[in-house]
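Source file: protein-v7.txt; contents: compact mmCIF, C-alpha atoms.
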# COMPACT_ATOMS: atom_id res chain seq x y z
CA MET A 1 -24.50 21.77 -0.40
CA GLY A 2 -23.68 22.04 3.29
CA ARG A 3 -21.52 19.64 5.29
CA ARG A 4 -24.56 17.84 6.71
CA GLY A 5 -26.03 17.36 3.23
CA LEU A 6 -22.71 15.99 1.94
CA ILE A 7 -22.49 13.49 4.80
CA ILE A 8 -26.07 12.34 4.18
CA LEU A 9 -25.33 11.95 0.47
CA VAL A 10 -22.21 9.84 1.10
CA LEU A 11 -23.97 7.63 3.65
CA SER A 12 -27.00 7.13 1.42
CA THR A 13 -24.70 6.18 -1.46
CA PHE A 14 -23.01 3.48 0.61
CA LEU A 15 -26.30 2.20 2.04
CA SER A 16 -27.84 1.97 -1.42
CA MET A 17 -24.99 -0.13 -2.82
CA PRO A 18 -25.89 -3.64 -4.01
CA ALA A 19 -25.67 -6.39 -1.40
CA LYS A 20 -23.20 -8.20 -3.64
CA ALA A 21 -19.83 -7.95 -1.91
CA ASP A 22 -16.80 -9.73 -3.24
CA PHE A 23 -13.03 -9.28 -3.56
CA ASP A 24 -13.11 -11.45 -6.70
CA GLY A 25 -10.77 -13.98 -5.12
CA ILE A 26 -7.44 -13.89 -3.32
CA HIS A 27 -5.48 -13.63 -6.60
CA SER A 28 -7.03 -10.21 -7.31
CA ILE A 29 -5.51 -8.58 -4.20
CA VAL A 30 -2.65 -6.39 -5.45
CA MET A 31 -1.81 -4.60 -2.20
CA HIS A 32 0.76 -6.41 -0.06
CA SER A 33 1.26 -9.05 -2.76
CA ALA A 34 3.10 -9.66 -6.02
CA ALA A 35 -0.13 -9.56 -8.05
CA THR A 36 -0.81 -6.92 -10.71
CA LEU A 37 -3.91 -5.16 -11.95
CA GLN A 38 -5.68 -6.45 -15.04
CA ASP A 39 -5.25 -4.77 -18.42
CA GLN A 40 -6.53 -1.14 -18.20
CA GLU A 41 -7.93 -1.73 -14.70
CA VAL A 42 -7.87 1.33 -12.43
CA MET A 43 -7.61 1.44 -8.64
CA ILE A 44 -8.52 4.75 -7.00
CA GLY A 45 -8.42 5.50 -3.29
CA LEU A 46 -8.26 8.34 -0.82
CA PHE A 47 -5.05 6.97 0.73
CA ALA A 48 -4.58 3.55 -0.89
CA PRO A 49 -2.25 3.45 -3.90
CA LEU A 50 -3.56 4.86 -7.14
CA GLY A 51 -2.94 2.14 -9.68
CA TYR A 52 -3.32 1.46 -13.40
CA GLY A 53 -2.92 -1.82 -15.24
CA ILE A 54 -0.83 -1.13 -18.34
CA ASN A 55 -1.45 -4.78 -19.18
CA ASP A 56 -2.18 -7.93 -17.18
CA ASP A 57 1.43 -8.19 -15.98
CA LEU A 58 2.53 -4.56 -15.70
CA SER A 59 1.07 -1.99 -13.28
CA ILE A 60 2.02 1.50 -12.14
CA PHE A 61 1.24 2.84 -8.65
CA LEU A 62 1.68 5.87 -6.42
CA HIS A 63 0.79 6.48 -2.74
CA PRO A 64 -1.25 9.69 -2.23
CA VAL A 65 -0.90 9.40 1.57
CA LEU A 66 2.83 10.00 1.21
CA ALA A 67 2.14 12.95 -1.05
CA LEU A 68 0.08 14.43 1.79
CA LEU A 69 3.23 14.13 3.88
CA LEU A 70 5.06 16.13 1.18
CA THR A 71 6.64 12.91 -0.09
CA PRO A 72 5.71 12.24 -3.75
CA ASN A 73 6.43 8.75 -5.05
CA LEU A 74 5.95 6.38 -7.99
CA TYR A 75 6.60 2.69 -8.57
CA LEU A 76 6.26 0.15 -11.36
CA ARG A 77 5.54 -3.56 -10.86
CA ARG A 78 6.25 -6.22 -13.50
CA ARG A 79 4.93 -9.75 -12.92
CA VAL A 80 7.31 -12.33 -14.37
CA LEU A 81 5.59 -15.51 -13.17
CA ALA A 82 1.89 -16.24 -12.64
CA ARG A 83 0.76 -19.66 -11.47
CA GLU A 84 -2.16 -20.99 -9.46
CA HIS A 85 -0.21 -20.93 -6.22
CA ILE A 86 2.61 -18.46 -6.95
CA ASP A 87 3.07 -14.92 -8.28
CA LEU A 88 6.56 -13.48 -8.78
CA SER A 89 7.17 -9.81 -9.59
CA ILE A 90 9.92 -7.22 -9.87
CA GLN A 91 9.17 -3.72 -8.58
CA ALA A 92 11.11 -0.46 -9.10
CA GLY A 93 10.19 2.82 -7.44
CA TYR A 94 11.29 6.26 -6.29
CA MET A 95 10.26 8.49 -3.36
CA GLN A 96 11.40 12.00 -2.43
CA SER A 97 10.40 14.05 0.60
CA PHE A 98 9.95 17.84 0.70
CA LEU A 99 9.46 18.06 4.46
CA ASP A 100 11.58 20.67 6.23
CA SER A 101 14.99 18.95 6.37
CA SER A 102 16.02 21.02 9.40
CA ARG A 103 13.22 19.33 11.41
CA VAL A 104 13.16 15.84 9.95
CA HIS A 105 15.38 14.43 7.23
CA ILE A 106 13.95 11.86 4.83
CA PRO A 107 16.35 11.28 1.93
CA ALA A 108 15.19 10.59 -1.61
CA VAL A 109 15.09 6.80 -2.01
CA GLY A 110 14.91 4.50 -5.00
CA HIS A 111 14.22 0.79 -4.67
CA LEU A 112 14.40 -2.40 -6.70
CA LEU A 113 12.51 -5.28 -5.08
CA VAL A 114 11.59 -8.87 -5.80
CA LEU A 115 8.14 -9.92 -4.54
CA ALA A 116 6.95 -13.51 -4.22
CA THR A 117 3.41 -14.43 -3.21
CA TYR A 118 2.29 -17.92 -2.24
CA TYR A 119 -1.42 -18.84 -2.27
CA PRO A 120 -1.89 -21.94 -0.08
CA SER A 121 -5.67 -21.72 -0.39
CA LYS A 122 -8.45 -19.52 -1.73
CA LYS A 123 -8.46 -17.56 1.54
CA TRP A 124 -4.78 -16.82 2.19
CA SER A 125 -1.84 -15.15 0.48
CA PHE A 126 1.64 -14.90 1.98
CA THR A 127 4.16 -12.52 0.44
CA ALA A 128 7.87 -12.02 0.99
CA HIS A 129 9.81 -9.17 -0.56
CA ALA A 130 13.46 -8.16 -0.51
CA GLY A 131 15.67 -5.85 -2.51
CA TYR A 132 18.08 -2.95 -2.88
CA LEU A 133 17.65 0.65 -1.67
CA LEU A 134 19.58 3.68 -2.91
CA SER A 135 19.37 6.86 -0.81
CA LEU A 136 20.41 10.29 -2.08
CA SER A 137 21.53 13.38 -0.13
CA PRO A 138 23.58 11.88 1.40
CA MET A 139 24.38 8.88 -0.76
CA ASP A 140 23.74 5.58 1.03
CA HIS A 141 23.05 1.96 0.13
CA GLY A 142 20.77 -0.48 1.87
CA VAL A 143 18.36 -3.36 1.71
CA GLN A 144 14.68 -3.79 2.49
CA ALA A 145 12.82 -6.96 3.42
CA GLY A 146 9.34 -7.76 4.68
CA VAL A 147 6.49 -10.21 4.91
CA ASP A 148 2.75 -9.71 4.32
CA ALA A 149 -0.38 -11.79 4.76
CA ASN A 150 -3.88 -11.29 3.35
CA TRP A 151 -6.69 -13.36 4.86
CA LEU A 152 -10.11 -13.47 3.21
CA VAL A 153 -12.20 -14.19 6.28
CA THR A 154 -15.25 -14.17 3.99
CA PRO A 155 -15.47 -13.33 0.25
CA ALA A 156 -16.18 -9.72 1.34
CA ASP A 157 -14.02 -9.33 4.48
CA MET A 158 -10.22 -9.27 4.56
CA ILE A 159 -7.56 -8.79 7.21
CA THR A 160 -4.09 -7.63 6.16
CA MET A 161 -0.98 -8.00 8.31
CA SER A 162 2.38 -6.60 7.24
CA ILE A 163 5.83 -5.84 8.60
CA SER A 164 8.90 -4.53 6.79
CA GLU A 165 12.40 -3.48 7.79
CA GLN A 166 15.17 -1.45 6.19
CA TRP A 167 18.91 -1.49 6.76
CA SER A 168 21.36 1.04 5.38
CA TYR A 169 25.15 1.14 5.45
CA LYS A 170 25.39 4.49 7.28
CA HIS A 171 22.29 4.32 9.52
CA ASN A 172 22.11 0.58 10.24
CA PHE A 173 18.61 -0.74 11.02
CA HIS A 174 15.58 1.51 10.80
CA ILE A 175 12.47 1.22 12.95
CA PRO A 176 10.24 -1.50 11.38
CA TYR A 177 6.98 -0.54 9.73
CA GLY A 178 3.95 -2.64 10.69
CA LEU A 179 0.35 -2.66 9.50
CA LEU A 180 -2.88 -4.29 10.67
CA VAL A 181 -5.94 -3.46 8.57
CA TYR A 182 -9.49 -4.77 8.10
CA THR A 183 -11.18 -4.21 4.71
CA HIS A 184 -14.78 -4.79 3.63
CA ALA A 185 -15.69 -5.09 -0.06
CA PHE A 186 -18.89 -3.77 -1.55
CA ASP A 187 -19.66 -4.18 -5.24
CA TYR A 188 -16.86 -1.86 -6.40
CA VAL A 189 -15.99 0.05 -3.23
CA ARG A 190 -13.67 -1.18 -0.48
CA ILE A 191 -13.55 0.42 2.97
CA SER A 192 -10.47 -0.12 5.18
CA ALA A 193 -9.66 0.69 8.80
CA GLY A 194 -6.69 -0.24 10.94
CA LEU A 195 -3.38 0.86 12.43
CA ALA A 196 0.15 1.49 11.18
CA PHE A 197 3.12 1.13 13.53
CA SER A 198 6.42 2.99 13.12
CA ASN A 199 7.91 6.46 13.58
CA LEU A 200 5.77 8.42 11.13
CA PRO A 201 6.48 12.16 10.59
CA LEU A 202 3.56 14.54 10.01
CA GLN A 203 3.74 18.22 9.14
CA VAL A 204 0.77 20.45 8.26
CA GLY A 205 1.76 23.82 6.79
CA PRO A 206 4.43 25.65 8.81
CA SER A 207 3.67 23.74 12.01
CA GLU A 208 6.24 21.62 13.81
CA VAL A 209 6.91 18.13 12.48
CA LYS A 210 5.55 15.54 14.90
CA ILE A 211 6.49 11.87 15.12
CA PHE A 212 3.74 9.31 15.74
CA PRO A 213 4.53 5.67 16.76
CA ILE A 214 0.96 4.61 15.89
CA PHE A 215 -1.05 6.05 13.05
CA PRO A 216 -4.70 5.30 12.15
CA VAL A 217 -5.40 3.91 8.69
CA ILE A 218 -8.80 4.72 7.23
CA ASP A 219 -9.51 4.51 3.54
CA VAL A 220 -12.13 4.19 0.82
CA TRP A 221 -11.01 2.87 -2.56
CA TRP A 222 -12.44 1.63 -5.83
CA ARG A 223 -11.49 -0.99 -8.45
CA LEU A 224 -12.75 0.05 -11.90
Written form, structure tokens:
Amino acid sequence: MGRRGLIILVLSTFLSMPAKADFDGIHSIVMHSAATLQDQEVMIGLFAPLGYGINDDLSIFLHPVLALLLTPNLYLRRRVLAREHIDLSIQAGYMQSFLDSSRVHIPAVGHLLVLATYYPSKKWSFTAHAGYLLSLSPMDHGVQAGVDANWLVTPADMITMSISEQWSYKHNFHIPYGLLVYTHAFDYVRISAGLAFSNLPLQVGPSEVKIFPIFPVIDVWWRL
């Protein structure tokens, strides 16, 4: 099948999807929140985290987009409190970069975070997270904190806003990471588009590592 045929097939698949479009409520949003996937639920995306619900309160994730940047990663989220208006979780993770260290140095980092999400209504979730960072090569200690908001404009349309900051003992404050993304939900498929703001390194093959202050975010992901 040629490129044109593949594009037509993808477009026809999206256009033939049922008109039903729903995020299944604000409590089901696991990205930028303390929520977890349901038991044996799978989340698959091109760039969004791959996730699996080990049970209703324990989920495992990884970010393929970081793997594309030669930075494999994995994190585990355990929800310890689930109420109508509050979710509270503990998250542990690890990330290690294999980019050329002579061009850009990203140390291996482990984290232990506490995430708290408040649901003031059926349309909004506000999340705060904070915790400990451990960097290797060289050894360094730090903290990370951030805030996130998910707004269900309609049952099928969501806007996500996020900003996070890191501080380490040897390097002081890092450049904050910000995100502004719009997502539309089909029956099972979600399509996202937006912008990320920070100093983001990108290296393709042996080419020079380039730093981008603004990076486009485009994704297609599924909840199964």
For this session: Quick one: everything within 10 Å of Ser89 (chain A), counting only C-alpha atoms, minus sequence neighbours fewer than 2 positions away in the same chain. Send it as number ranges by chain.
Result: A: 33-36, 57-58, 77-82, 87, 91, 113-117, 129
Export of prior selection with C-alpha atoms as a PDB file, keeping the file's coordinate frame:
ATOM      1  CA  SER A  33       1.260  -9.050  -2.760  1.00  0.00           C
ATOM      2  CA  ALA A  34       3.100  -9.660  -6.020  1.00  0.00           C
ATOM      3  CA  ALA A  35      -0.130  -9.560  -8.050  1.00  0.00           C
ATOM      4  CA  THR A  36      -0.810  -6.920 -10.710  1.00  0.00           C
ATOM      5  CA  ASP A  57       1.430  -8.190 -15.980  1.00  0.00           C
ATOM      6  CA  LEU A  58       2.530  -4.560 -15.700  1.00  0.00           C
ATOM      7  CA  ARG A  77       5.540  -3.560 -10.860  1.00  0.00           C
ATOM      8  CA  ARG A  78       6.250  -6.220 -13.500  1.00  0.00           C
ATOM      9  CA  ARG A  79       4.930  -9.750 -12.920  1.00  0.00           C
ATOM     10  CA  VAL A  80       7.310 -12.330 -14.370  1.00  0.00           C
ATOM     11  CA  LEU A  81       5.590 -15.510 -13.170  1.00  0.00           C
ATOM     12  CA  ALA A  82       1.890 -16.240 -12.640  1.00  0.00           C
ATOM     13  CA  ASP A  87       3.070 -14.920  -8.280  1.00  0.00           C
ATOM     14  CA  GLN A  91       9.170  -3.720  -8.580  1.00  0.00           C
ATOM     15  CA  LEU A 113      12.510  -5.280  -5.080  1.00  0.00           C
ATOM     16  CA  VAL A 114      11.590  -8.870  -5.800  1.00  0.00           C
ATOM     17  CA  LEU A 115       8.140  -9.920  -4.540  1.00  0.00           C
ATOM     18  CA  ALA A 116       6.950 -13.510  -4.220  1.00  0.00           C
ATOM     19  CA  THR A 117       3.410 -14.430  -3.210  1.00  0.00           C
ATOM     20  CA  HIS A 129       9.810  -9.170  -0.560  1.00  0.00           C
TER      21      HIS A 129
END
For this session: Determine the nearest neighbour of Lys123 (chain A) from the options A:Gly194, A:Pro155, A:Pro176, A:Gly45, counting all atoms listed in the file.
Result: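 Counting all atoms listed in the file, the residue closest to Lys123 (chain A) is A:Pro155.
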Exercise. Pick the closest to Asp140 (chain A) from A:Ile163, A:Tyr169, A:Lys122, A:Arg223: which is it, counting all atoms listed in the file?
Worked result: A:Tyr169
For this session: Around the point (1.9, 0.7, -8.3), in the coordinates given by the file, pick out the residues reaching within 9 Å, counting all atoms listed in the file, and return them as a PyMOL selection string.
Result: chain A and resi 30-31+36+49-53+59-63+74-77+91+93
Extract, using all atoms listed in the file, all DNA, RNA and protein residues at most 7 Å from Phe215 (chain A), discarding same-chain residues fewer than 6 positions from it, and format them as a PDB file with C-alpha atoms, keeping the file's coordinate frame.
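Listing of result-v6.pdb after writing:
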ATOM      1  CA  LEU A 195      -3.380   0.860  12.430  1.00  0.00           C
ATOM      2  CA  ALA A 196       0.150   1.490  11.180  1.00  0.00           C
ATOM      3  CA  PHE A 197       3.120   1.130  13.530  1.00  0.00           C
TER       4      PHE A 197
END
Problem set entry | Residue nearest Phe173 (chain A) - candidates A:Gln144, A:His27, A:Gln96, A:His111, atoms counted: only C-alpha atoms | A:Gln144
Residues near Ala108 (chain A), anyone? I mean within 6 Å using all atoms listed in the file, not counting same-chain ones fewer than 4 positions away, as a PDB file with C-alpha atoms, in the frame of the given file.
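Dumped everything to part_29.pdb:
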ATOM      1  CA  MET A  95      10.260   8.490  -3.360  1.00  0.00           C
ATOM      2  CA  GLN A  96      11.400  12.000  -2.430  1.00  0.00           C
ATOM      3  CA  SER A 135      19.370   6.860  -0.810  1.00  0.00           C
ATOM      4  CA  LEU A 136      20.410  10.290  -2.080  1.00  0.00           C
TER       5      LEU A 136
END
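Each of A:Gln166, A:Asn73, A:Thr127, A:Ser198 was compared to Val147 (chain A) using all atoms listed in the file, and A:Thr127 turns out to be the nearest.
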For this session: May I ask for the distance between CA of Glu165 (chain A) and CA of Gly142 (chain A), given in Å to one decimal place?
Result: 10.7 Å
For this session: Do a neighbour search on Gly110 (chain A) at 6 Å with all atoms listed in the file, toss out local chain neighbours closer than 5 positions, and write the hits as a PyMOL selection string.
Result: chain A and resi 93-94+133-134
Exercise. Please, what distance in Å, to one decimal, runs between CA of His32 (chain A) and CA of Gly146 (chain A)?
Worked result: 9.9 Å
For this session: Give as a list in words every residue, naming chains and numbers as the document does, that has an atom within 7 Å of (7.4, 3.9, 14.7), counting all atoms listed in the file.
Result: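 Every residue inside that radius is included here: Ile175, Pro176, Tyr177, Phe197, Ser198, Asn199, Leu200, Phe212, Pro213 and Ile214 of chain A.
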Exercise. What is the distance, in Å and to one decimal place, between CA of Trp221 (chain A) and CA of Ile191 (chain A)?
Worked result: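 Distance between the two atoms: 6.6 Å.
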For this session: Skip Glu41 (chain A) itself and residues of its chain fewer than 2 positions away, then list as a PyMOL selection string all residues within 7 Å of it, counting all atoms listed in the file.
Result: chain A and resi 37-39+43+52-53+224
